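Engineer: Provided below: target04.tsv, containing TSV, C-alpha atoms and all ligand atoms.
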```tsv
chain	number	residue	atom	x	y	z
A	1337	MET	CA	-7.77	17.26	18.37
A	1338	PHE	CA	-9.73	14.42	16.76
A	1339	LYS	CA	-13.25	15.86	16.54
A	1340	ASN	CA	-14.47	13.43	13.88
A	1341	ILE	CA	-13.11	9.93	13.34
A	1342	LEU	CA	-13.93	7.82	10.29
A	1343	VAL	CA	-13.83	4.05	10.77
A	1344	PRO	CA	-14.22	2.02	7.56
A	1345	VAL	CA	-15.44	-1.50	8.38
A	1346	ASP	CA	-15.75	-4.64	6.25
A	1347	GLY	CA	-17.05	-7.16	8.79
A	1348	SER	CA	-13.62	-8.67	9.51
A	1349	HIS	CA	-12.14	-8.98	13.00
A	1350	TYR	CA	-9.40	-6.62	11.81
A	1351	SER	CA	-11.88	-3.83	11.28
A	1352	ALA	CA	-13.77	-4.66	14.51
A	1353	ASN	CA	-10.45	-4.27	16.38
A	1354	ALA	CA	-9.87	-0.97	14.62
A	1355	ALA	CA	-13.36	0.22	15.65
A	1356	ILE	CA	-12.64	-0.70	19.30
A	1357	LYS	CA	-9.41	1.35	19.17
A	1358	ALA	CA	-11.28	4.26	17.57
A	1359	VAL	CA	-13.81	4.25	20.40
A	1360	CYS	CA	-10.95	4.37	22.96
A	1361	ILE	CA	-9.48	7.40	21.17
A	1362	ALA	CA	-12.93	9.00	20.97
A	1363	LYS	CA	-13.44	8.56	24.72
A	1364	LYS	CA	-10.19	10.40	25.38
A	1365	TYR	CA	-10.77	13.27	22.96
A	1366	GLY	CA	-14.58	13.54	23.04
A	1367	SER	CA	-14.71	12.67	19.33
A	1368	LYS	CA	-17.64	11.54	17.21
A	1369	VAL	CA	-17.15	8.23	15.41
A	1370	LYS	CA	-18.60	7.31	12.01
A	1371	LEU	CA	-18.59	3.66	10.98
A	1372	LEU	CA	-18.59	3.38	7.19
A	1373	HIS	CA	-19.19	0.25	5.16
A	1374	VAL	CA	-18.83	0.46	1.40
A	1375	VAL	CA	-20.67	-2.13	-0.63
A	1376	ASN	CA	-18.30	-2.91	-3.45
A	1377	HIS	CA	-20.48	-2.57	-6.54
A	1378	SER	CA	-18.21	-4.89	-8.51
A	1379	GLN	CA	-19.78	-7.71	-6.42
A	1380	LEU	CA	-22.96	-7.27	-8.46
A	1381	TYR	CA	-21.29	-8.87	-11.43
A	1382	SER	CA	-20.25	-11.96	-9.48
A	1383	LEU	CA	-23.78	-12.57	-8.14
A	1384	GLY	CA	-25.65	-13.00	-11.39
A	1385	PRO	CA	-25.52	-15.86	-13.90
A	1386	ALA	CA	-22.44	-15.99	-16.11
A	1387	GLN	CA	-23.35	-14.19	-19.31
A	1388	SER	CA	-21.94	-11.44	-21.45
A	1389	MET	CA	-24.39	-8.70	-20.32
A	1390	PRO	CA	-24.82	-8.81	-16.51
A	1391	VAL	CA	-28.39	-8.30	-15.31
A	1392	ILE	CA	-28.72	-6.48	-12.01
A	1393	THR	CA	-31.95	-7.26	-10.19
A	1394	ASN	CA	-33.57	-5.63	-7.18
A	1395	THR	CA	-33.06	-8.88	-5.27
A	1396	MET	CA	-29.30	-8.65	-5.82
A	1397	LEU	CA	-29.25	-5.00	-4.71
A	1398	GLU	CA	-31.33	-5.81	-1.63
A	1399	ALA	CA	-29.07	-8.75	-0.69
A	1400	LEU	CA	-25.96	-6.57	-0.83
A	1401	ASN	CA	-27.70	-3.77	1.04
A	1402	LYS	CA	-28.84	-6.19	3.76
A	1403	GLY	CA	-25.35	-7.69	4.04
A	1404	GLY	CA	-23.86	-4.22	4.44
A	1405	GLN	CA	-26.38	-3.24	7.12
A	1406	SER	CA	-25.62	-6.36	9.15
A	1407	ILE	CA	-21.87	-5.63	8.97
A	1408	LEU	CA	-22.59	-2.22	10.50
A	1409	GLU	CA	-24.95	-3.67	13.14
A	1410	ASP	CA	-22.49	-6.43	14.12
A	1411	THR	CA	-19.66	-3.91	14.43
A	1412	LEU	CA	-21.81	-1.66	16.61
A	1413	LYS	CA	-22.53	-4.64	18.87
A	1414	ALA	CA	-18.83	-5.56	19.02
A	1415	ILE	CA	-17.71	-2.10	20.08
A	1416	ASN	CA	-20.52	-1.41	22.54
A	1417	PRO	CA	-19.77	2.33	22.52
A	1418	LEU	CA	-21.80	3.50	25.57
A	1419	THR	CA	-20.35	6.96	26.26
A	1420	VAL	CA	-19.21	7.68	22.70
A	1421	MET	CA	-21.37	9.09	19.91
A	1422	VAL	CA	-21.24	6.55	17.06
A	1423	GLU	CA	-23.10	6.73	13.76
A	1424	ALA	CA	-23.14	4.21	10.94
A	1425	GLU	CA	-23.28	4.80	7.20
A	1426	LEU	CA	-23.67	2.48	4.25
A	1427	ALA	CA	-22.30	3.59	0.89
A	1428	TRP	CA	-21.82	2.04	-2.54
A	1429	GLY	CA	-18.80	2.17	-4.80
A	1430	THR	CA	-15.14	1.25	-4.85
A	1431	PRO	CA	-14.21	1.00	-1.15
A	1432	ALA	CA	-10.89	2.90	-1.10
A	1433	ASN	CA	-12.24	5.70	-3.33
A	1434	VAL	CA	-15.41	6.15	-1.28
A	1435	ILE	CA	-13.43	6.16	2.01
A	1436	LEU	CA	-11.08	8.84	0.64
A	1437	GLU	CA	-13.98	10.95	-0.71
A	1438	LYS	CA	-15.93	10.78	2.57
A	1439	ALA	CA	-12.82	11.64	4.58
A	1440	ARG	CA	-12.16	14.75	2.46
A	1441	GLU	CA	-15.82	15.83	2.27
A	1442	LYS	CA	-16.58	16.31	5.98
A	1443	PRO	CA	-13.58	16.59	6.63
A	1444	TYR	CA	-12.58	13.90	9.15
A	1445	ASP	CA	-9.55	14.44	11.40
A	1446	LEU	CA	-8.54	10.80	11.59
A	1447	ILE	CA	-9.23	7.51	9.79
A	1448	VAL	CA	-8.87	4.33	11.86
A	1449	MET	CA	-8.90	1.05	9.92
A	1450	GLY	CA	-7.57	-2.50	9.91
A	1451	SER	CA	-4.35	-3.45	8.16
A	1452	ARG	CA	-6.22	-6.29	6.47
A	1453	GLY	CA	-9.78	-7.41	6.02
A	1454	LEU	CA	-12.04	-10.15	4.79
A	1455	GLY	CA	-9.91	-10.87	1.75
A	1456	ALA	CA	-6.91	-11.54	4.00
A	1457	MET	CA	-4.35	-13.66	2.18
A	1458	LEU	CA	-1.88	-14.85	4.78
A	1459	SER	CA	1.12	-13.83	2.71
A	1460	LEU	CA	0.05	-10.17	2.61
A	1461	LEU	CA	0.92	-7.74	5.38
A	1462	GLN	CA	-1.54	-5.15	4.17
A	1463	GLY	CA	-4.69	-5.26	2.07
A	1464	SER	CA	-5.27	-3.17	-1.04
A	1465	VAL	CA	-7.92	-0.91	0.55
A	1466	SER	CA	-5.82	0.11	3.56
A	1467	GLU	CA	-2.74	0.49	1.36
A	1468	ARG	CA	-4.52	2.87	-1.02
A	1469	VAL	CA	-6.08	4.91	1.79
A	1470	VAL	CA	-2.70	5.35	3.53
A	1471	LYS	CA	-1.11	6.39	0.25
A	1472	LEU	CA	-3.74	8.92	-0.82
A	1473	SER	CA	-5.40	10.24	2.34
A	1474	THR	CA	-4.94	13.89	3.18
A	1475	CYS	CA	-5.77	13.32	6.87
A	1476	PRO	CA	-3.91	11.14	9.41
A	1477	VAL	CA	-4.58	7.39	9.13
A	1478	MET	CA	-4.17	4.88	11.95
A	1479	ILE	CA	-3.72	1.32	10.74
A	1480	VAL	CA	-4.56	-1.25	13.39
A	1481	LYS	CA	-2.49	-4.39	13.03
A	1482	ASP	CA	-3.56	-7.73	14.33
A	1483	ARG	CA	-1.39	-10.09	16.30
A	1501	LIG	N1	-15.78	-2.52	1.74
A	1501	LIG	C1	-15.20	-1.87	2.74
A	1501	LIG	N2	-15.85	-0.87	3.38
A	1501	LIG	C2	-15.27	-0.21	4.38
A	1501	LIG	N3	-14.03	-0.48	4.84
A	1501	LIG	C3	-13.33	-1.45	4.25
A	1501	LIG	C4	-13.87	-2.21	3.17
A	1501	LIG	N4	-12.94	-3.12	2.79
A	1501	LIG	C5	-11.89	-2.95	3.59
A	1501	LIG	N5	-12.11	-1.96	4.49
A	1501	LIG	C6	-11.19	-1.48	5.54
A	1501	LIG	O1	-9.87	-1.72	5.12
A	1501	LIG	C7	-9.22	-2.58	6.05
A	1501	LIG	C8	-8.24	-3.45	5.28
A	1501	LIG	O2	-8.94	-4.28	4.39
A	1501	LIG	P1	-8.40	-4.61	2.93
A	1501	LIG	O3	-9.57	-4.84	2.07
A	1501	LIG	O4	-7.39	-3.59	2.55
A	1501	LIG	O5	-7.60	-5.97	3.20
A	1501	LIG	P2	-7.90	-7.45	2.67
A	1501	LIG	O6	-9.37	-7.67	2.60
A	1501	LIG	O7	-7.08	-8.34	3.55
A	1501	LIG	O8	-7.24	-7.45	1.24
A	1501	LIG	P3	-7.88	-7.30	-0.22
A	1501	LIG	O9	-9.26	-6.71	-0.09
A	1501	LIG	O10	-6.92	-6.38	-0.92
A	1501	LIG	O11	-7.91	-8.69	-0.77
A	1501	LIG	C9	-10.33	-3.32	6.77
A	1501	LIG	O12	-9.94	-3.80	8.06
A	1501	LIG	C10	-11.37	-2.21	6.88
A	1501	LIG	O13	-11.02	-1.33	7.93
A	1502	MG	MG	-10.70	-6.49	1.42
```
Please express the file's structure as structure tokens.
Structural biologist:
Amino acid sequence: MFKNILVPVDGSHYSANAAIKAVCIAKKYGSKVKLLHVVNHSQLYSLGPAQSMPVITNTMLEALNKGGQSILEDTLKAINPLTVMVEAELAWGTPANVILEKAREKPYDLIVMGSRGLGAMLSLLQGSVSERVVKLSTCPVMIVKDR
């Protein structure tokens, strides 16, 4: 039923909880799980010195790449998949757009993600990434809410 599950992660406990739920579903259905972290390329412009023409250096690219890899590694540690096949992928772009593209490309049968993430403002019930994915996804989406 759910052969391939896509789990977008941003390093928040919301997305770690979502990944744990995805692994439970995968155990039941024998699914493969793909963890996906999207480095938001708009961050590049906030890293450099304030100036009219932003300069993107290799050091900035490496820092973002390293940060993204550790988000994936930490999530893998948190879910401790054991009997489930889990892969991890790092991509660059606008998170919601990349998640939607990847989901359509394979295609995935289910997306499991957190309701909120690292940007969590207490007044918001849902973040902008999960909201956009729910709105535009062509495959089922499971939104994992936190207590
Ligand atoms: N850069 C990302 N790469 C992969 N998945 C992401 C990324 N950002 C968010 N997600 C996924 O979307 C879920 C909801 O996060 P979202 O960004 O929508 O909420 P937020 O950070 O609270 O709000 P906002 O980003 O709008 O300020 C996360 O739990 C995670 O599953
Ligand atoms: Mg966010």
Engineer: So that I can see what lies close to Asn1401 in chain A, please list as a list in words the residues with an atom at most 12 Å from it, counting all atoms listed in the file and leaving out residues fewer than 4 positions away in the same chain.
Structural biologist: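 Counting only the stated atoms, we get His1373, Val1374, Val1375, Asn1376, His1377, Gln1379, Leu1380, Asn1394, Thr1395, Met1396, Leu1397, Gln1405, Ser1406, Ile1407, Leu1408, Glu1425, Leu1426, Ala1427 and Trp1428 of chain A.
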Engineer: Keeping only C-alpha atoms, write the selected residues as a PDB file, keeping the file's coordinate frame.
Structural biologist:
```pdb
ATOM      1  CA  HIS A1373     -19.190   0.250   5.160  1.00  0.00           C
ATOM      2  CA  VAL A1374     -18.830   0.460   1.400  1.00  0.00           C
ATOM      3  CA  VAL A1375     -20.670  -2.130  -0.630  1.00  0.00           C
ATOM      4  CA  ASN A1376     -18.300  -2.910  -3.450  1.00  0.00           C
ATOM      5  CA  HIS A1377     -20.480  -2.570  -6.540  1.00  0.00           C
ATOM      6  CA  GLN A1379     -19.780  -7.710  -6.420  1.00  0.00           C
ATOM      7  CA  LEU A1380     -22.960  -7.270  -8.460  1.00  0.00           C
ATOM      8  CA  ASN A1394     -33.570  -5.630  -7.180  1.00  0.00           C
ATOM      9  CA  THR A1395     -33.060  -8.880  -5.270  1.00  0.00           C
ATOM     10  CA  MET A1396     -29.300  -8.650  -5.820  1.00  0.00           C
ATOM     11  CA  LEU A1397     -29.250  -5.000  -4.710  1.00  0.00           C
ATOM     12  CA  GLN A1405     -26.380  -3.240   7.120  1.00  0.00           C
ATOM     13  CA  SER A1406     -25.620  -6.360   9.150  1.00  0.00           C
ATOM     14  CA  ILE A1407     -21.870  -5.630   8.970  1.00  0.00           C
ATOM     15  CA  LEU A1408     -22.590  -2.220  10.500  1.00  0.00           C
ATOM     16  CA  GLU A1425     -23.280   4.800   7.200  1.00  0.00           C
ATOM     17  CA  LEU A1426     -23.670   2.480   4.250  1.00  0.00           C
ATOM     18  CA  ALA A1427     -22.300   3.590   0.890  1.00  0.00           C
ATOM     19  CA  TRP A1428     -21.820   2.040  -2.540  1.00  0.00           C
TER      20      TRP A1428
END
```
Engineer: What's the separation between CA of Ser1378 in chain A and atom C8 of ligand LIG 1501 (chain A), in Å to one decimal place?
Structural biologist: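 For CA of Ser1378 in chain A relative to atom C8 of ligand LIG 1501 (chain A), the distance reads 17.1 Å.
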Engineer: Considering only C-alpha atoms and all ligand atoms, state which residue in the set A:Val1345, A:Val1422, A:Ala1352, A:Val1369 is at the smallest distance from ligand MG 1502 (chain A).
Structural biologist: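 Closest to ligand MG 1502 (chain A) of all the choices is A:Val1345.
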Engineer: If you count only C-alpha atoms, which residues fall within 12 Å of Ser1367 in chain A, apart from same-chain ones fewer than 2 positions away, as a short mmCIF file (atom, residue, chain, number, x, y, z; two decimals) with C-alpha atoms, in the frame of the given file?
Structural biologist:
```cif
data_model
loop_
_atom_site.label_atom_id
_atom_site.label_comp_id
_atom_site.auth_asym_id
_atom_site.auth_seq_id
_atom_site.Cartn_x
_atom_site.Cartn_y
_atom_site.Cartn_z
CA MET A 1337 -7.77 17.26 18.37
CA PHE A 1338 -9.73 14.42 16.76
CA LYS A 1339 -13.25 15.86 16.54
CA ASN A 1340 -14.47 13.43 13.88
CA ILE A 1341 -13.11 9.93 13.34
CA LEU A 1342 -13.93 7.82 10.29
CA ALA A 1358 -11.28 4.26 17.57
CA VAL A 1359 -13.81 4.25 20.40
CA CYS A 1360 -10.95 4.37 22.96
CA ILE A 1361 -9.48 7.40 21.17
CA ALA A 1362 -12.93 9.00 20.97
CA LYS A 1363 -13.44 8.56 24.72
CA LYS A 1364 -10.19 10.40 25.38
CA TYR A 1365 -10.77 13.27 22.96
CA VAL A 1369 -17.15 8.23 15.41
CA LYS A 1370 -18.60 7.31 12.01
CA PRO A 1417 -19.77 2.33 22.52
CA THR A 1419 -20.35 6.96 26.26
CA VAL A 1420 -19.21 7.68 22.70
CA MET A 1421 -21.37 9.09 19.91
CA VAL A 1422 -21.24 6.55 17.06
CA GLU A 1423 -23.10 6.73 13.76
CA TYR A 1444 -12.58 13.90 9.15
CA ASP A 1445 -9.55 14.44 11.40
CA LEU A 1446 -8.54 10.80 11.59
#
```
Engineer: Restricting the calculation to all atoms listed in the file, which member of A:Val1465, A:Ile1447, A:Ile1435, A:Leu1472 is positioned closest to ligand MG 1502 (chain A)?
Structural biologist: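 Closest residue, counting all atoms listed in the file: A:Val1465.
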Engineer: Determine the nearest neighbour of ligand LIG 1501 (chain A) from the options A:Lys1413, A:His1349, A:Arg1440, A:Lys1402, counting only C-alpha atoms and all ligand atoms.
Structural biologist: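 Of the candidates, the smallest distance to ligand LIG 1501 (chain A) is held by A:His1349.
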Engineer: Any idea what the distance is between CA of Ala1424 in chain A and CA of Ser1464 in chain A?
Structural biologist: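 Those two atoms sit 22.7 Å apart.
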Engineer: Rounded to one decimal place, report the atom P3 of ligand LIG 1501 (chain A)-CA of Gly1453 in chain A distance in Å.
Structural biologist: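 One can read the atom P3 of ligand LIG 1501 (chain A) to CA of Gly1453 in chain A distance as 6.5 Å.
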Engineer: Please build the interface table for chain A against ligand LIG 1501 (chain A) with a cut-off of 9 Å, listing for each qualifying residue the nearest atom pair and the distance in Å to one decimal; count all atoms listed in the file, order rows by chain and increasing number, and write it as a Markdown table.
Structural biologist:
```
| residue | atom | partner | partner_atom | distance |
| --- | --- | --- | --- | --- |
| A:Val1343 | CA | A:LIG1501 | O13 | 6.7 |
| A:Pro1344 | CA | A:LIG1501 | N3 | 3.7 |
| A:Val1345 | CA | A:LIG1501 | N3 | 3.9 |
| A:Asp1346 | CA | A:LIG1501 | C4 | 4.4 |
| A:Gly1347 | CA | A:LIG1501 | C10 | 7.8 |
| A:Ser1348 | CA | A:LIG1501 | O12 | 6.3 |
| A:His1349 | CA | A:LIG1501 | O12 | 7.5 |
| A:Tyr1350 | CA | A:LIG1501 | O12 | 4.7 |
| A:Ser1351 | CA | A:LIG1501 | O12 | 3.8 |
| A:Ala1352 | CA | A:LIG1501 | O12 | 7.6 |
| A:Asn1353 | CA | A:LIG1501 | O12 | 8.3 |
| A:Ala1354 | CA | A:LIG1501 | O13 | 6.8 |
| A:Ala1355 | CA | A:LIG1501 | O13 | 8.2 |
| A:Leu1371 | CA | A:LIG1501 | C2 | 8.3 |
| A:Leu1372 | CA | A:LIG1501 | C2 | 5.6 |
| A:His1373 | CA | A:LIG1501 | N2 | 3.9 |
| A:Val1374 | CA | A:LIG1501 | N2 | 3.8 |
| A:Val1375 | CA | A:LIG1501 | N1 | 5.4 |
| A:Asn1376 | CA | A:LIG1501 | N1 | 5.8 |
| A:Gly1404 | CA | A:LIG1501 | N1 | 8.7 |
| A:Leu1426 | CA | A:LIG1501 | N2 | 8.6 |
| A:Ala1427 | CA | A:LIG1501 | N2 | 8.2 |
| A:Trp1428 | CA | A:LIG1501 | N1 | 8.7 |
| A:Gly1429 | CA | A:LIG1501 | N1 | 8.6 |
| A:Thr1430 | CA | A:LIG1501 | N1 | 7.6 |
| A:Pro1431 | CA | A:LIG1501 | N1 | 4.8 |
| A:Ala1432 | CA | A:LIG1501 | C4 | 7.3 |
| A:Val1434 | CA | A:LIG1501 | N2 | 8.4 |
| A:Ile1435 | CA | A:LIG1501 | C2 | 7.0 |
| A:Val1448 | CA | A:LIG1501 | O13 | 7.2 |
| A:Met1449 | CA | A:LIG1501 | O13 | 3.8 |
| A:Gly1450 | CA | A:LIG1501 | O12 | 3.3 |
| A:Ser1451 | CA | A:LIG1501 | C8 | 4.8 |
| A:Arg1452 | CA | A:LIG1501 | O5 | 3.6 |
| A:Gly1453 | CA | A:LIG1501 | O6 | 3.5 |
| A:Leu1454 | CA | A:LIG1501 | O6 | 4.3 |
| A:Gly1455 | CA | A:LIG1501 | O6 | 3.4 |
| A:Ala1456 | CA | A:LIG1501 | O7 | 3.2 |
| A:Met1457 | CA | A:LIG1501 | O7 | 6.1 |
| A:Leu1458 | CA | A:LIG1501 | O7 | 8.4 |
| A:Leu1460 | CA | A:LIG1501 | O7 | 7.4 |
| A:Leu1461 | CA | A:LIG1501 | O7 | 8.2 |
| A:Gln1462 | CA | A:LIG1501 | O5 | 6.2 |
| A:Gly1463 | CA | A:LIG1501 | O5 | 3.2 |
| A:Ser1464 | CA | A:LIG1501 | O10 | 3.6 |
| A:Val1465 | CA | A:LIG1501 | O4 | 3.4 |
| A:Ser1466 | CA | A:LIG1501 | O4 | 4.1 |
| A:Glu1467 | CA | A:LIG1501 | O4 | 6.3 |
| A:Arg1468 | CA | A:LIG1501 | O4 | 7.9 |
| A:Val1469 | CA | A:LIG1501 | O1 | 8.3 |
| A:Ile1479 | CA | A:LIG1501 | C7 | 8.2 |
| A:Val1480 | CA | A:LIG1501 | O12 | 8.0 |
| A:Lys1481 | CA | A:LIG1501 | O12 | 9.0 |
```
Engineer: As lines of an AutoDock Vina configuration file, please report the centre and edge lengths, rounded to one decimal in Å, of the axis-aligned box that holds all listed atoms of range 1421-1439 of chain A with 4 Å of padding on each of the six sides.
Structural biologist:
```
center_x = -17.3
center_y = 6.3
center_z = 7.5
size_x = 20.8
size_y = 18.6
size_z = 32.8
```
Engineer: Out of A:Lys1368, A:Leu1400, A:Asp1410, A:Ser1473, which residue has the shortest atom-to-atom distance to Tyr1381 in chain A when counting only C-alpha atoms?
Structural biologist: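 Closest to Tyr1381 in chain A, using only C-alpha atoms: A:Leu1400.
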Engineer: Counting all atoms listed in the file, what is within 7 Å of Ile1415 in chain A, bar same-chain residues fewer than 3 positions away, as a list in words?
Structural biologist: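 These residues fall inside the cut-off: Ala1355, Ile1356, Thr1411 and Leu1412 of chain A.
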